[in-house]
$ cat start-v8.cif   # mmCIF, C-alpha atoms and all ligand atoms
data_work
#
loop_
_atom_site.label_atom_id
_atom_site.label_comp_id
_atom_site.auth_asym_id
_atom_site.auth_seq_id
_atom_site.Cartn_x
_atom_site.Cartn_y
_atom_site.Cartn_z
CA MET T 1 3.31 -60.77 124.95
CA MET T 2 5.86 -58.78 123.03
CA ASP T 3 7.60 -60.78 120.33
CA ARG T 4 11.40 -60.81 120.10
CA LEU T 5 11.55 -58.35 117.22
CA SER T 6 9.39 -55.80 119.05
CA PHE T 7 11.46 -56.30 122.22
CA ARG T 8 14.74 -55.62 120.40
CA LEU T 9 13.26 -52.57 118.72
CA VAL T 10 11.97 -51.18 122.01
CA VAL T 11 15.41 -51.71 123.60
CA ALA T 12 17.01 -49.92 120.63
CA ALA T 13 14.51 -47.06 120.94
CA LEU T 14 15.19 -46.74 124.70
CA ALA T 15 18.96 -46.70 124.13
CA LEU T 16 18.52 -43.95 121.56
CA GLY T 17 16.30 -42.07 124.02
CA VAL T 18 19.05 -42.14 126.69
CA LEU T 19 21.56 -40.82 124.17
CA MET T 20 19.22 -38.02 123.22
CA SER T 21 18.20 -37.01 126.74
CA THR T 22 21.85 -36.59 127.71
CA GLY T 23 22.47 -34.44 124.65
CA ALA T 24 25.14 -36.90 123.59
CA TYR T 25 23.42 -37.41 120.26
CA ALA T 26 24.76 -34.10 119.03
CA GLN T 27 28.22 -35.65 118.85
CA GLN T 28 27.01 -38.82 117.17
CA PRO T 29 26.75 -39.07 113.41
CA LEU T 30 23.16 -39.28 112.28
CA LYS T 31 22.70 -42.48 110.32
CA ILE T 32 19.98 -42.59 107.69
CA GLY T 33 19.03 -46.05 106.42
CA LEU T 34 18.25 -45.74 102.69
CA ILE T 35 16.52 -48.89 101.41
CA LEU T 36 15.90 -49.15 97.66
CA PRO T 37 15.77 -51.66 94.80
CA MET T 38 19.29 -51.20 93.33
CA THR T 39 19.10 -54.39 91.24
CA GLY T 40 16.26 -56.20 89.46
CA PRO T 41 13.41 -54.78 87.33
CA PHE T 42 13.06 -51.59 89.40
CA ALA T 43 16.77 -50.73 89.67
CA SER T 44 16.11 -47.47 87.78
CA THR T 45 14.19 -46.20 90.84
CA GLY T 46 17.16 -47.02 93.10
CA ARG T 47 19.57 -45.36 90.71
CA GLN T 48 17.46 -42.22 90.34
CA VAL T 49 16.80 -41.79 94.06
CA THR T 50 20.40 -42.39 95.18
CA ALA T 51 21.67 -39.88 92.58
CA ALA T 52 19.27 -37.28 94.03
CA VAL T 53 20.23 -38.04 97.65
CA LYS T 54 23.94 -37.74 96.80
CA LEU T 55 23.42 -34.48 94.93
CA TYR T 56 21.39 -33.03 97.82
CA ILE T 57 24.16 -33.77 100.31
CA ALA T 58 26.85 -32.49 97.92
CA GLU T 59 24.97 -29.19 97.51
CA HIS T 60 23.84 -28.71 101.14
CA GLY T 61 26.76 -30.22 103.06
CA ASP T 62 26.81 -33.34 105.23
CA VAL T 63 26.32 -31.54 108.56
CA VAL T 64 22.90 -30.27 109.59
CA ALA T 65 21.95 -28.87 113.03
CA GLY T 66 25.41 -29.91 114.22
CA ARG T 67 24.96 -33.53 113.17
CA LYS T 68 27.05 -35.32 110.57
CA ILE T 69 24.82 -37.17 108.10
CA GLU T 70 25.81 -40.71 107.16
CA VAL T 71 23.70 -42.59 104.60
CA LEU T 72 23.64 -46.39 104.84
CA LEU T 73 22.39 -47.72 101.49
CA ARG T 74 20.79 -51.19 101.31
CA ASP T 75 19.58 -52.98 98.15
CA ASP T 76 16.31 -54.78 98.88
CA THR T 77 16.07 -56.10 95.27
CA ASN T 78 12.28 -55.36 95.40
CA ALA T 79 11.73 -58.20 97.93
CA PRO T 80 9.49 -57.05 100.83
CA GLU T 81 10.94 -59.55 103.34
CA THR T 82 14.41 -58.14 102.56
CA THR T 83 13.19 -54.56 103.07
CA LYS T 84 11.81 -55.58 106.45
CA ARG T 85 15.01 -57.36 107.51
CA PHE T 86 17.19 -54.39 106.47
CA ALA T 87 14.88 -51.94 108.28
CA GLN T 88 15.16 -54.01 111.44
CA GLU T 89 18.96 -54.44 111.20
CA LEU T 90 19.50 -50.76 110.40
CA VAL T 91 17.57 -49.72 113.50
CA THR T 92 18.82 -52.34 115.97
CA ASN T 93 22.43 -53.02 114.83
CA ASP T 94 23.46 -49.85 112.99
CA HIS T 95 21.45 -47.42 115.15
CA ALA T 96 19.94 -45.70 112.12
CA GLU T 97 17.71 -42.87 113.37
CA ILE T 98 15.73 -42.36 110.14
CA LEU T 99 14.58 -44.90 107.53
CA THR T 100 13.95 -43.77 103.96
CA GLY T 101 13.70 -44.85 100.31
CA PHE T 102 10.94 -47.45 99.67
CA GLY T 103 10.79 -47.86 95.91
CA LEU T 104 7.46 -49.69 95.66
CA THR T 105 4.33 -50.03 97.77
CA PRO T 106 4.87 -53.61 99.06
CA LEU T 107 8.33 -52.53 100.28
CA ALA T 108 6.90 -49.55 102.20
CA PHE T 109 4.18 -51.75 103.70
CA ALA T 110 6.85 -54.24 104.86
CA ALA T 111 8.91 -51.63 106.72
CA ALA T 112 6.02 -49.76 108.39
CA PRO T 113 5.74 -52.05 111.48
CA ILE T 114 9.47 -51.54 112.18
CA ALA T 115 9.05 -47.75 112.13
CA THR T 116 6.09 -48.04 114.49
CA ALA T 117 7.80 -50.37 116.98
CA ALA T 118 11.06 -48.35 117.08
CA LYS T 119 9.32 -44.92 116.78
CA VAL T 120 11.72 -44.09 113.94
CA PRO T 121 10.73 -41.54 111.26
CA MET T 122 10.14 -43.29 107.93
CA ILE T 123 10.28 -41.03 104.86
CA VAL T 124 8.68 -42.62 101.78
CA MET T 125 10.53 -41.16 98.76
CA SER T 126 8.99 -43.28 95.97
CA ALA T 127 5.94 -45.49 96.59
CA GLY T 128 2.49 -44.16 95.64
CA THR T 129 -0.43 -46.08 97.17
CA LEU T 130 -2.76 -43.71 99.02
CA VAL T 131 -2.98 -45.65 102.31
CA ILE T 132 0.79 -45.91 102.95
CA PRO T 133 1.01 -43.18 105.65
CA GLU T 134 -1.83 -44.89 107.55
CA LYS T 135 0.44 -47.92 108.07
CA SER T 136 2.52 -46.12 110.73
CA PRO T 137 2.21 -42.81 112.63
CA TYR T 138 5.94 -42.28 111.87
CA ILE T 139 5.53 -42.23 108.08
CA LEU T 140 5.93 -39.05 106.00
CA ARG T 141 5.83 -39.04 102.18
CA THR T 142 7.63 -36.89 99.59
CA SER T 143 6.65 -38.82 96.44
CA PHE T 144 3.01 -38.74 95.27
CA THR T 145 -0.17 -40.77 95.39
CA LEU T 146 -1.89 -42.47 92.45
CA PRO T 147 -5.30 -40.87 93.20
CA GLN T 148 -3.59 -37.44 93.18
CA GLN T 149 -1.97 -38.15 89.81
CA SER T 150 -4.96 -39.93 88.17
CA ALA T 151 -7.84 -37.56 88.98
CA PRO T 152 -6.67 -34.64 86.77
CA ILE T 153 -6.36 -36.73 83.59
CA ALA T 154 -9.88 -38.13 84.17
CA ALA T 155 -11.32 -34.63 84.44
CA TRP T 156 -9.34 -33.49 81.38
CA ALA T 157 -10.47 -36.42 79.20
CA THR T 158 -14.22 -35.74 79.01
CA LYS T 159 -13.55 -32.08 78.27
CA HIS T 160 -11.43 -33.09 75.27
CA GLY T 161 -13.65 -35.48 73.36
CA ILE T 162 -12.63 -38.67 75.17
CA ASN T 163 -15.88 -40.35 76.21
CA LYS T 164 -15.04 -44.07 76.03
CA VAL T 165 -11.97 -45.44 77.80
CA PHE T 166 -10.38 -48.85 78.30
CA THR T 167 -8.30 -49.01 81.49
CA LEU T 168 -5.13 -51.08 81.90
CA VAL T 169 -3.27 -51.15 85.22
CA THR T 170 -0.66 -53.28 86.96
CA ASP T 171 -2.47 -55.60 89.35
CA TYR T 172 -1.28 -54.34 92.74
CA ALA T 173 -2.23 -51.58 95.17
CA PRO T 174 -1.12 -48.48 93.20
CA GLY T 175 -2.73 -49.86 90.02
CA ILE T 176 -6.01 -50.39 91.84
CA ASP T 177 -5.77 -46.83 93.25
CA ALA T 178 -5.21 -45.44 89.74
CA GLU T 179 -8.05 -47.49 88.21
CA THR T 180 -10.53 -46.64 90.98
CA THR T 181 -9.81 -42.92 90.92
CA PHE T 182 -9.91 -42.71 87.13
CA ASN T 183 -13.20 -44.64 86.98
CA ASN T 184 -14.88 -42.51 89.65
CA VAL T 185 -13.89 -39.13 88.25
CA PHE T 186 -14.34 -40.11 84.58
CA LYS T 187 -17.83 -41.57 85.16
CA ALA T 188 -18.86 -38.60 87.33
CA ASN T 189 -18.00 -36.41 84.32
CA GLY T 190 -20.16 -38.54 81.98
CA GLY T 191 -17.45 -40.87 80.65
CA GLN T 192 -17.95 -44.57 79.92
CA ILE T 193 -15.54 -47.41 80.73
CA VAL T 194 -15.68 -49.91 77.84
CA GLY T 195 -13.30 -52.47 79.30
CA GLU T 196 -10.68 -52.95 81.96
CA ALA T 197 -7.60 -55.10 82.40
CA ARG T 198 -5.30 -55.77 85.34
CA VAL T 199 -1.89 -57.04 84.24
CA PRO T 200 0.13 -59.30 86.59
CA ALA T 201 2.89 -57.43 88.43
CA GLN T 202 5.40 -60.26 87.90
CA ASN T 203 6.83 -60.77 84.37
CA PRO T 204 4.03 -58.85 82.64
CA ASP T 205 3.19 -59.49 78.98
CA TYR T 206 1.22 -56.47 77.79
CA ALA T 207 0.48 -57.75 74.26
CA PRO T 208 -2.81 -59.65 74.88
CA PHE T 209 -4.21 -56.87 77.08
CA ILE T 210 -3.40 -54.13 74.58
CA GLN T 211 -5.01 -56.19 71.80
CA ARG T 212 -8.15 -56.51 73.94
CA ALA T 213 -8.08 -52.75 74.47
CA LYS T 214 -7.84 -52.14 70.70
CA ASP T 215 -10.74 -54.53 70.00
CA ALA T 216 -12.97 -52.60 72.46
CA LYS T 217 -12.61 -49.50 70.20
CA PRO T 218 -12.25 -46.88 72.94
CA ASP T 219 -11.39 -43.20 72.37
CA ALA T 220 -8.43 -43.67 74.70
CA LEU T 221 -6.44 -46.27 76.59
CA PHE T 222 -5.78 -45.30 80.21
CA VAL T 223 -2.58 -46.89 81.53
CA PHE T 224 -0.86 -47.12 84.89
CA VAL T 225 2.34 -49.19 85.06
CA PRO T 226 5.14 -48.61 87.59
CA SER T 227 8.23 -46.61 86.66
CA GLY T 228 10.45 -48.72 84.41
CA GLU T 229 7.59 -50.52 82.60
CA GLY T 230 6.43 -47.71 80.28
CA ALA T 231 8.66 -48.65 77.33
CA ALA T 232 7.21 -52.19 77.13
CA VAL T 233 3.67 -50.77 77.04
CA MET T 234 4.61 -48.21 74.41
CA LYS T 235 6.15 -50.93 72.21
CA GLN T 236 2.89 -52.90 72.17
CA PHE T 237 0.82 -49.73 71.72
CA ALA T 238 2.87 -49.00 68.58
CA GLU T 239 3.10 -52.55 67.21
CA ARG T 240 -0.63 -53.19 67.55
CA GLY T 241 -1.47 -49.93 65.78
CA LEU T 242 -3.66 -48.33 68.42
CA ALA T 243 -2.62 -44.79 67.46
CA LYS T 244 -3.46 -45.56 63.80
CA ALA T 245 -6.87 -46.80 64.97
CA GLY T 246 -7.41 -43.36 66.53
CA ILE T 247 -6.92 -44.49 70.14
CA LYS T 248 -5.12 -42.01 72.40
CA LEU T 249 -2.81 -43.06 75.23
CA ILE T 250 -3.52 -41.31 78.55
CA GLY T 251 -2.72 -41.86 82.23
CA PRO T 252 -0.74 -40.65 85.20
CA GLY T 253 2.85 -39.87 84.11
CA ASP T 254 4.47 -43.14 85.18
CA VAL T 255 4.05 -44.50 81.64
CA THR T 256 6.10 -41.65 80.11
CA ASP T 257 8.78 -41.78 82.82
CA ASP T 258 11.62 -39.36 82.02
CA ASP T 259 14.21 -42.06 82.76
CA ILE T 260 13.21 -43.99 79.63
CA LEU T 261 10.96 -41.64 77.64
CA ASP T 262 13.61 -40.63 75.13
CA SER T 263 14.17 -44.29 74.17
CA MET T 264 10.47 -44.88 73.37
CA GLY T 265 10.53 -43.37 69.89
CA ASP T 266 7.83 -41.54 67.95
CA ALA T 267 5.08 -43.88 69.24
CA ALA T 268 5.13 -41.91 72.50
CA ILE T 269 4.44 -38.55 70.80
CA GLY T 270 0.99 -37.20 71.67
CA THR T 271 0.59 -39.20 74.89
CA ILE T 272 -1.29 -37.04 77.40
CA THR T 273 -0.60 -37.51 81.10
CA SER T 274 -1.19 -35.73 84.39
CA HIS T 275 1.78 -35.78 86.76
CA PHE T 276 3.77 -33.84 89.32
CA TYR T 277 7.17 -33.89 87.65
CA SER T 278 8.62 -33.37 84.20
CA ALA T 279 12.31 -32.86 83.47
CA ALA T 280 11.02 -30.16 81.10
CA HIS T 281 9.30 -28.20 83.90
CA PRO T 282 10.29 -24.65 82.96
CA SER T 283 11.32 -23.25 86.38
CA ALA T 284 14.76 -21.91 87.35
CA GLU T 285 14.94 -24.47 90.20
CA ASN T 286 14.25 -27.34 87.82
CA LYS T 287 16.65 -26.18 85.13
CA ALA T 288 19.42 -26.07 87.76
CA TYR T 289 18.37 -29.49 89.06
CA VAL T 290 18.35 -31.22 85.67
CA ALA T 291 21.74 -29.71 84.84
CA ALA T 292 23.27 -30.73 88.19
CA ILE T 293 21.99 -34.32 87.97
CA GLU T 294 23.32 -34.63 84.42
CA LYS T 295 26.69 -33.14 85.43
CA ALA T 296 27.13 -35.56 88.33
CA ASN T 297 25.74 -38.56 86.37
CA PRO T 298 26.51 -38.12 82.66
CA GLY T 299 23.61 -39.23 80.48
CA MET T 300 21.07 -39.26 83.33
CA ARG T 301 17.83 -37.31 83.05
CA PRO T 302 16.06 -37.02 86.43
CA ASN T 303 12.61 -38.60 86.61
CA PHE T 304 9.79 -38.31 89.14
CA MET T 305 11.45 -40.81 91.48
CA SER T 306 14.49 -38.55 91.55
CA VAL T 307 12.60 -35.54 92.93
CA GLY T 308 10.97 -37.78 95.54
CA GLY T 309 14.50 -38.51 96.79
CA TRP T 310 15.62 -34.89 96.59
CA ASP T 311 12.58 -33.66 98.52
CA GLY T 312 12.93 -36.48 101.06
CA MET T 313 16.36 -35.06 101.91
CA GLU T 314 15.00 -31.50 101.96
CA LEU T 315 12.33 -32.63 104.43
CA ILE T 316 14.92 -34.37 106.65
CA TYR T 317 17.25 -31.32 106.67
CA GLU T 318 14.47 -28.80 107.33
CA VAL T 319 12.99 -30.87 110.16
CA LEU T 320 16.41 -31.38 111.80
CA LYS T 321 16.92 -27.60 111.76
CA LYS T 322 13.61 -27.23 113.63
CA THR T 323 14.33 -30.00 116.17
CA ASN T 324 17.98 -28.96 116.70
CA GLY T 325 19.14 -32.31 115.41
CA SER T 326 16.72 -34.52 117.34
CA THR T 327 15.19 -37.47 115.50
CA ASP T 328 12.78 -38.37 118.30
CA GLY T 329 9.87 -39.88 116.34
CA ASP T 330 7.08 -37.76 117.80
CA LYS T 331 9.07 -34.50 117.69
CA PHE T 332 10.22 -35.20 114.14
CA ILE T 333 6.70 -35.85 112.83
CA ALA T 334 5.28 -32.80 114.64
CA ALA T 335 8.00 -30.59 113.11
CA ALA T 336 7.34 -31.98 109.60
CA LYS T 337 3.62 -31.21 109.61
CA GLY T 338 2.80 -28.21 107.44
CA LEU T 339 6.35 -27.73 106.14
CA SER T 340 6.38 -26.19 102.67
CA TRP T 341 9.15 -25.50 100.18
CA VAL T 342 9.86 -24.94 96.49
CA SER T 343 11.06 -28.16 94.86
CA PRO T 344 12.30 -28.66 91.29
CA ARG T 345 8.70 -29.86 90.70
CA GLY T 346 7.08 -26.67 92.11
CA LYS T 347 5.64 -25.88 95.55
CA VAL T 348 5.06 -28.81 97.92
CA THR T 349 3.56 -29.02 101.42
CA ILE T 350 3.45 -31.81 104.00
CA ASP T 351 -0.25 -32.13 104.80
CA PRO T 352 -0.50 -31.83 108.61
CA ARG T 353 -3.51 -34.13 108.67
CA THR T 354 -2.27 -37.08 106.57
CA ARG T 355 1.57 -36.59 106.73
CA ASP T 356 1.37 -36.95 102.95
CA ILE T 357 2.33 -34.55 100.16
CA ILE T 358 0.17 -31.79 98.67
CA GLN T 359 1.46 -30.62 95.30
CA ASP T 360 0.59 -29.15 91.90
CA VAL T 361 -0.24 -31.62 89.15
CA TYR T 362 0.52 -30.67 85.55
CA MET T 363 -1.13 -31.69 82.28
CA ARG T 364 1.55 -32.74 79.79
CA GLU T 365 1.89 -33.91 76.20
CA VAL T 366 4.85 -35.88 74.86
CA LYS T 367 6.60 -33.80 72.21
CA ARG T 368 9.96 -33.82 70.48
CA VAL T 369 12.00 -30.83 71.65
CA SER T 370 15.47 -30.23 70.14
CA GLY T 371 15.48 -33.85 69.00
CA HIS T 372 14.51 -35.39 72.36
CA LEU T 373 11.20 -36.61 73.76
CA TYR T 374 9.82 -34.67 76.73
CA ASN T 375 6.61 -34.36 78.73
CA VAL T 376 5.77 -30.75 77.85
CA GLU T 377 3.47 -29.11 80.40
CA PHE T 378 0.45 -27.17 79.07
CA ASP T 379 -1.81 -26.77 82.09
CA GLN T 380 -1.74 -27.10 85.87
CA VAL T 381 -4.04 -28.06 88.75
CA ALA T 382 -2.81 -26.28 91.89
CA SER T 383 -2.32 -27.89 95.32
CA VAL T 384 -3.89 -31.31 94.71
CA ALA T 385 -4.62 -33.23 97.93
CA PRO T 386 -3.24 -36.76 98.43
CA ASP T 387 -6.67 -38.30 97.76
CA GLY T 388 -6.98 -36.36 94.48
CA LYS T 389 -10.03 -34.42 95.71
C1 LIG Z 401 4.45 -48.19 93.92
O1 LIG Z 401 4.73 -49.40 94.00
O2 LIG Z 401 3.89 -47.57 94.84
C2 LIG Z 401 4.80 -47.45 92.67
C3 LIG Z 401 5.95 -47.79 91.97
C4 LIG Z 401 6.25 -47.13 90.80
C5 LIG Z 401 5.40 -46.14 90.32
C6 LIG Z 401 4.26 -45.79 91.02
C7 LIG Z 401 3.94 -46.46 92.20
O3 LIG Z 401 5.70 -45.50 89.18
#

$ encode --input "start-v8.cif" --output "structure tokens" --more "lines below"
Ligand code: PHB
Amino acid sequence: MMDRLSFRLVVAALALGVLMSTGAYAQQPLKIGLILPMTGPFASTGRQVTAAVKLYIAEHGDVVAGRKIEVLLRDDTNAPETTKRFAQELVTNDHAEILTGFGLTPLAFAAAPIATAAKVPMIVMSAGTLVIPEKSPYILRTSFTLPQQSAPIAAWATKHGINKVFTLVTDYAPGIDAETTFNNVFKANGGQIVGEARVPAQNPDYAPFIQRAKDAKPDALFVFVPSGEGAAVMKQFAERGLAKAGIKLIGPGDVTDDDILDSMGDAAIGTITSHFYSAAHPSAENKAYVAAIEKANPGMRPNFMSVGGWDGMELIYEVLKKTNGSTDGDKFIAAAKGLSWVSPRGKVTIDPRTRDIIQDVYMREVKRVSGHLYNVEFDQVASVAPDGK
């Protein structure tokens, strides 16, 4: 028996199919449902991604393959049941033909069944748990995965005198991905884990965990916290004197998020991370990007969530050019597979096998440049697969 939600979604998908088969869709605006946390603790992700989406449309025009693009923004406040309800309403009531955004993993998980039932392409611009694209055959991702971002720092550590590590991650899917990958690669290279902590995702208090890390006397503290949380970790790292005790801070680059890095103060200097995006990436494309974001949003420095949004739009535009404006789920996904382009972050490719992103991952160190804190790149691992292998 089909439940009522599935029935309504199937009816919506059939109605869209009739429109498309008659060619009438070419005259219809193409509505993109953009669902993001615009309020609450992860509002910075919503702000960063919407700024990128707006800039992309301003620079590339709002008509692609003859179709006028209309973005319908919804604030899910980081509540998965709200993401799911918006996804459903956008598809059935507003006739959105593409769903995108998805600021955190639980929000992407919540929307996946809607994409599957309605056969609507779902572009994940932000969330980072490895298994997300497996949750629906209509998912594509332009952000990153935690295994992809955590493997390079693990390999780097043992080569640079870091043999004992304490790991600290937020206790939800991306944190577990980061911890697992770091452990596997670090131990395979001869490293030793001297302690591990998983911090609650809701209202985290990092102080007791960072004290435990200090007491374990590691060479380094490995940290994954979601974008927006890095400053709170850095505050405790400084106050509890870990740097003075000779403990280095390492991790994927979420902890030194460009959105808040400059407010972290000198405690952040020397942090070593592996990540796919730095506002200081020295390419012509990135210099233009950082300048354009700042011009349109005074005081804003784009972070890694921003480029996920930018590249999500690039993917949508490039696929629509290939499908002549069709958003038919199966055609859209087929056209996306293997697409490759140069992003502000460097070269990216949609892996035809996983529908996920293949990209370069950079080694970076936090330094003060012209008075401001930046993740300065010093090395690069080319074309890292979504699983980090
Ligand atoms: C996620 O929930 O997938 C997520 C959110 C923020 C990050 C990384 C991963 O910085």

$ closest_atom_pairs --input "start-v8.cif" --of "stretch 232-350 of chain T" --to "stretch 99-122 of chain T" --cutoff "10 Å" --atoms "all atoms listed in the file" --output "tab-separated table"
residue	atom	partner	partner_atom	distance
T:Met305	CA	T:Gly103	CA	8.4
T:Gly308	CA	T:Gly101	CA	9.0
T:Gly309	CA	T:Gly101	CA	7.3
T:Gly312	CA	T:Thr100	CA	7.9
T:Met313	CA	T:Thr100	CA	9.3
T:Ile316	CA	T:Pro121	CA	9.5
T:Thr327	CA	T:Pro121	CA	7.4
T:Asp328	CA	T:Val120	CA	7.3
T:Gly329	CA	T:Lys119	CA	5.1
T:Asp330	CA	T:Lys119	CA	7.6
T:Lys331	CA	T:Pro121	CA	9.7
T:Phe332	CA	T:Pro121	CA	7.0
T:Ile333	CA	T:Pro121	CA	7.1

$ closest_residue --input "start-v8.cif" --among "T:Glu70, T:Asp254, T:Glu377, T:Glu59" --to "T:Ser150" --atoms "all atoms listed in the file"
T:Asp254

$ closest_atom_pairs --input "start-v8.cif" --of "chain T" --to "ligand LIG 401 (chain Z)" --cutoff "10 Å" --atoms "all atoms listed in the file" --output "Markdown table"
| residue | atom | partner | partner_atom | distance |
| --- | --- | --- | --- | --- |
| T:Phe42 | CA | Z:LIG401 | C4 | 8.3 |
| T:Thr45 | CA | Z:LIG401 | C4 | 8.0 |
| T:Asn78 | CA | Z:LIG401 | O1 | 9.7 |
| T:Phe102 | CA | Z:LIG401 | O2 | 8.5 |
| T:Gly103 | CA | Z:LIG401 | C3 | 6.2 |
| T:Leu104 | CA | Z:LIG401 | O1 | 3.2 |
| T:Thr105 | CA | Z:LIG401 | O1 | 3.8 |
| T:Pro106 | CA | Z:LIG401 | O1 | 6.6 |
| T:Leu107 | CA | Z:LIG401 | O1 | 7.9 |
| T:Ala108 | CA | Z:LIG401 | O2 | 8.2 |
| T:Phe109 | CA | Z:LIG401 | O2 | 9.8 |
| T:Val124 | CA | Z:LIG401 | O2 | 9.8 |
| T:Ser126 | CA | Z:LIG401 | C3 | 6.8 |
| T:Ala127 | CA | Z:LIG401 | O2 | 3.4 |
| T:Gly128 | CA | Z:LIG401 | O2 | 3.8 |
| T:Thr129 | CA | Z:LIG401 | O2 | 5.1 |
| T:Leu130 | CA | Z:LIG401 | O2 | 8.8 |
| T:Ile132 | CA | Z:LIG401 | O2 | 8.8 |
| T:Ser143 | CA | Z:LIG401 | C6 | 9.1 |
| T:Phe144 | CA | Z:LIG401 | C6 | 8.3 |
| T:Thr145 | CA | Z:LIG401 | C7 | 7.7 |
| T:Leu146 | CA | Z:LIG401 | C7 | 7.1 |
| T:Gln149 | CA | Z:LIG401 | C6 | 9.9 |
| T:Thr170 | CA | Z:LIG401 | O1 | 9.7 |
| T:Tyr172 | CA | Z:LIG401 | O1 | 7.9 |
| T:Ala173 | CA | Z:LIG401 | O2 | 7.3 |
| T:Pro174 | CA | Z:LIG401 | O2 | 5.3 |
| T:Gly175 | CA | Z:LIG401 | C7 | 7.8 |
| T:Asp177 | CA | Z:LIG401 | C7 | 9.8 |
| T:Ala178 | CA | Z:LIG401 | C7 | 9.5 |
| T:Ala201 | CA | Z:LIG401 | O1 | 9.9 |
| T:Phe224 | CA | Z:LIG401 | O3 | 8.0 |
| T:Val225 | CA | Z:LIG401 | O3 | 6.5 |
| T:Pro226 | CA | Z:LIG401 | O3 | 3.5 |
| T:Ser227 | CA | Z:LIG401 | O3 | 3.7 |
| T:Gly228 | CA | Z:LIG401 | O3 | 7.5 |
| T:Glu229 | CA | Z:LIG401 | O3 | 8.5 |
| T:Gly230 | CA | Z:LIG401 | O3 | 9.2 |
| T:Pro252 | CA | Z:LIG401 | O3 | 9.0 |
| T:Gly253 | CA | Z:LIG401 | O3 | 8.1 |
| T:Asp254 | CA | Z:LIG401 | O3 | 4.8 |
| T:Val255 | CA | Z:LIG401 | O3 | 7.8 |
| T:Thr256 | CA | Z:LIG401 | O3 | 9.9 |
| T:Asp257 | CA | Z:LIG401 | O3 | 8.0 |
| T:Phe304 | CA | Z:LIG401 | O3 | 8.3 |
| T:Met305 | CA | Z:LIG401 | O3 | 7.8 |

$ write_last_selection --input "start-v8.cif" --atoms "C-alpha atoms" --output "compact mmCIF listing (two decimals), keeping the file's coordinate frame"
# COMPACT_ATOMS: atom_id res chain seq x y z
CA PHE T 42 13.06 -51.59 89.40
CA THR T 45 14.19 -46.20 90.84
CA ASN T 78 12.28 -55.36 95.40
CA PHE T 102 10.94 -47.45 99.67
CA GLY T 103 10.79 -47.86 95.91
CA LEU T 104 7.46 -49.69 95.66
CA THR T 105 4.33 -50.03 97.77
CA PRO T 106 4.87 -53.61 99.06
CA LEU T 107 8.33 -52.53 100.28
CA ALA T 108 6.90 -49.55 102.20
CA PHE T 109 4.18 -51.75 103.70
CA VAL T 124 8.68 -42.62 101.78
CA SER T 126 8.99 -43.28 95.97
CA ALA T 127 5.94 -45.49 96.59
CA GLY T 128 2.49 -44.16 95.64
CA THR T 129 -0.43 -46.08 97.17
CA LEU T 130 -2.76 -43.71 99.02
CA ILE T 132 0.79 -45.91 102.95
CA SER T 143 6.65 -38.82 96.44
CA PHE T 144 3.01 -38.74 95.27
CA THR T 145 -0.17 -40.77 95.39
CA LEU T 146 -1.89 -42.47 92.45
CA GLN T 149 -1.97 -38.15 89.81
CA THR T 170 -0.66 -53.28 86.96
CA TYR T 172 -1.28 -54.34 92.74
CA ALA T 173 -2.23 -51.58 95.17
CA PRO T 174 -1.12 -48.48 93.20
CA GLY T 175 -2.73 -49.86 90.02
CA ASP T 177 -5.77 -46.83 93.25
CA ALA T 178 -5.21 -45.44 89.74
CA ALA T 201 2.89 -57.43 88.43
CA PHE T 224 -0.86 -47.12 84.89
CA VAL T 225 2.34 -49.19 85.06
CA PRO T 226 5.14 -48.61 87.59
CA SER T 227 8.23 -46.61 86.66
CA GLY T 228 10.45 -48.72 84.41
CA GLU T 229 7.59 -50.52 82.60
CA GLY T 230 6.43 -47.71 80.28
CA PRO T 252 -0.74 -40.65 85.20
CA GLY T 253 2.85 -39.87 84.11
CA ASP T 254 4.47 -43.14 85.18
CA VAL T 255 4.05 -44.50 81.64
CA THR T 256 6.10 -41.65 80.11
CA ASP T 257 8.78 -41.78 82.82
CA PHE T 304 9.79 -38.31 89.14
CA MET T 305 11.45 -40.81 91.48

$ residues_around --input "start-v8.cif" --residues "stretch 338-344 of chain T" --least-positions-apart "5" --cutoff "10 Å" --atoms "only C-alpha atoms" --output "VMD selection string"
chain T and resid 277 to 279 281 to 290 307 to 308 310 to 311 314 to 315 318 to 319 349 to 353 355 to 359

$ write_last_selection --input "start-v8.cif" --atoms "C-alpha atoms" --output "short mmCIF file (atom, residue, chain, number, x, y, z; two decimals), in the coordinates of the input"
data_model
loop_
_atom_site.label_atom_id
_atom_site.label_comp_id
_atom_site.auth_asym_id
_atom_site.auth_seq_id
_atom_site.Cartn_x
_atom_site.Cartn_y
_atom_site.Cartn_z
CA TYR T 277 7.17 -33.89 87.65
CA SER T 278 8.62 -33.37 84.20
CA ALA T 279 12.31 -32.86 83.47
CA HIS T 281 9.30 -28.20 83.90
CA PRO T 282 10.29 -24.65 82.96
CA SER T 283 11.32 -23.25 86.38
CA ALA T 284 14.76 -21.91 87.35
CA GLU T 285 14.94 -24.47 90.20
CA ASN T 286 14.25 -27.34 87.82
CA LYS T 287 16.65 -26.18 85.13
CA ALA T 288 19.42 -26.07 87.76
CA TYR T 289 18.37 -29.49 89.06
CA VAL T 290 18.35 -31.22 85.67
CA VAL T 307 12.60 -35.54 92.93
CA GLY T 308 10.97 -37.78 95.54
CA TRP T 310 15.62 -34.89 96.59
CA ASP T 311 12.58 -33.66 98.52
CA GLU T 314 15.00 -31.50 101.96
CA LEU T 315 12.33 -32.63 104.43
CA GLU T 318 14.47 -28.80 107.33
CA VAL T 319 12.99 -30.87 110.16
CA THR T 349 3.56 -29.02 101.42
CA ILE T 350 3.45 -31.81 104.00
CA ASP T 351 -0.25 -32.13 104.80
CA PRO T 352 -0.50 -31.83 108.61
CA ARG T 353 -3.51 -34.13 108.67
CA ARG T 355 1.57 -36.59 106.73
CA ASP T 356 1.37 -36.95 102.95
CA ILE T 357 2.33 -34.55 100.16
CA ILE T 358 0.17 -31.79 98.67
CA GLN T 359 1.46 -30.62 95.30
#
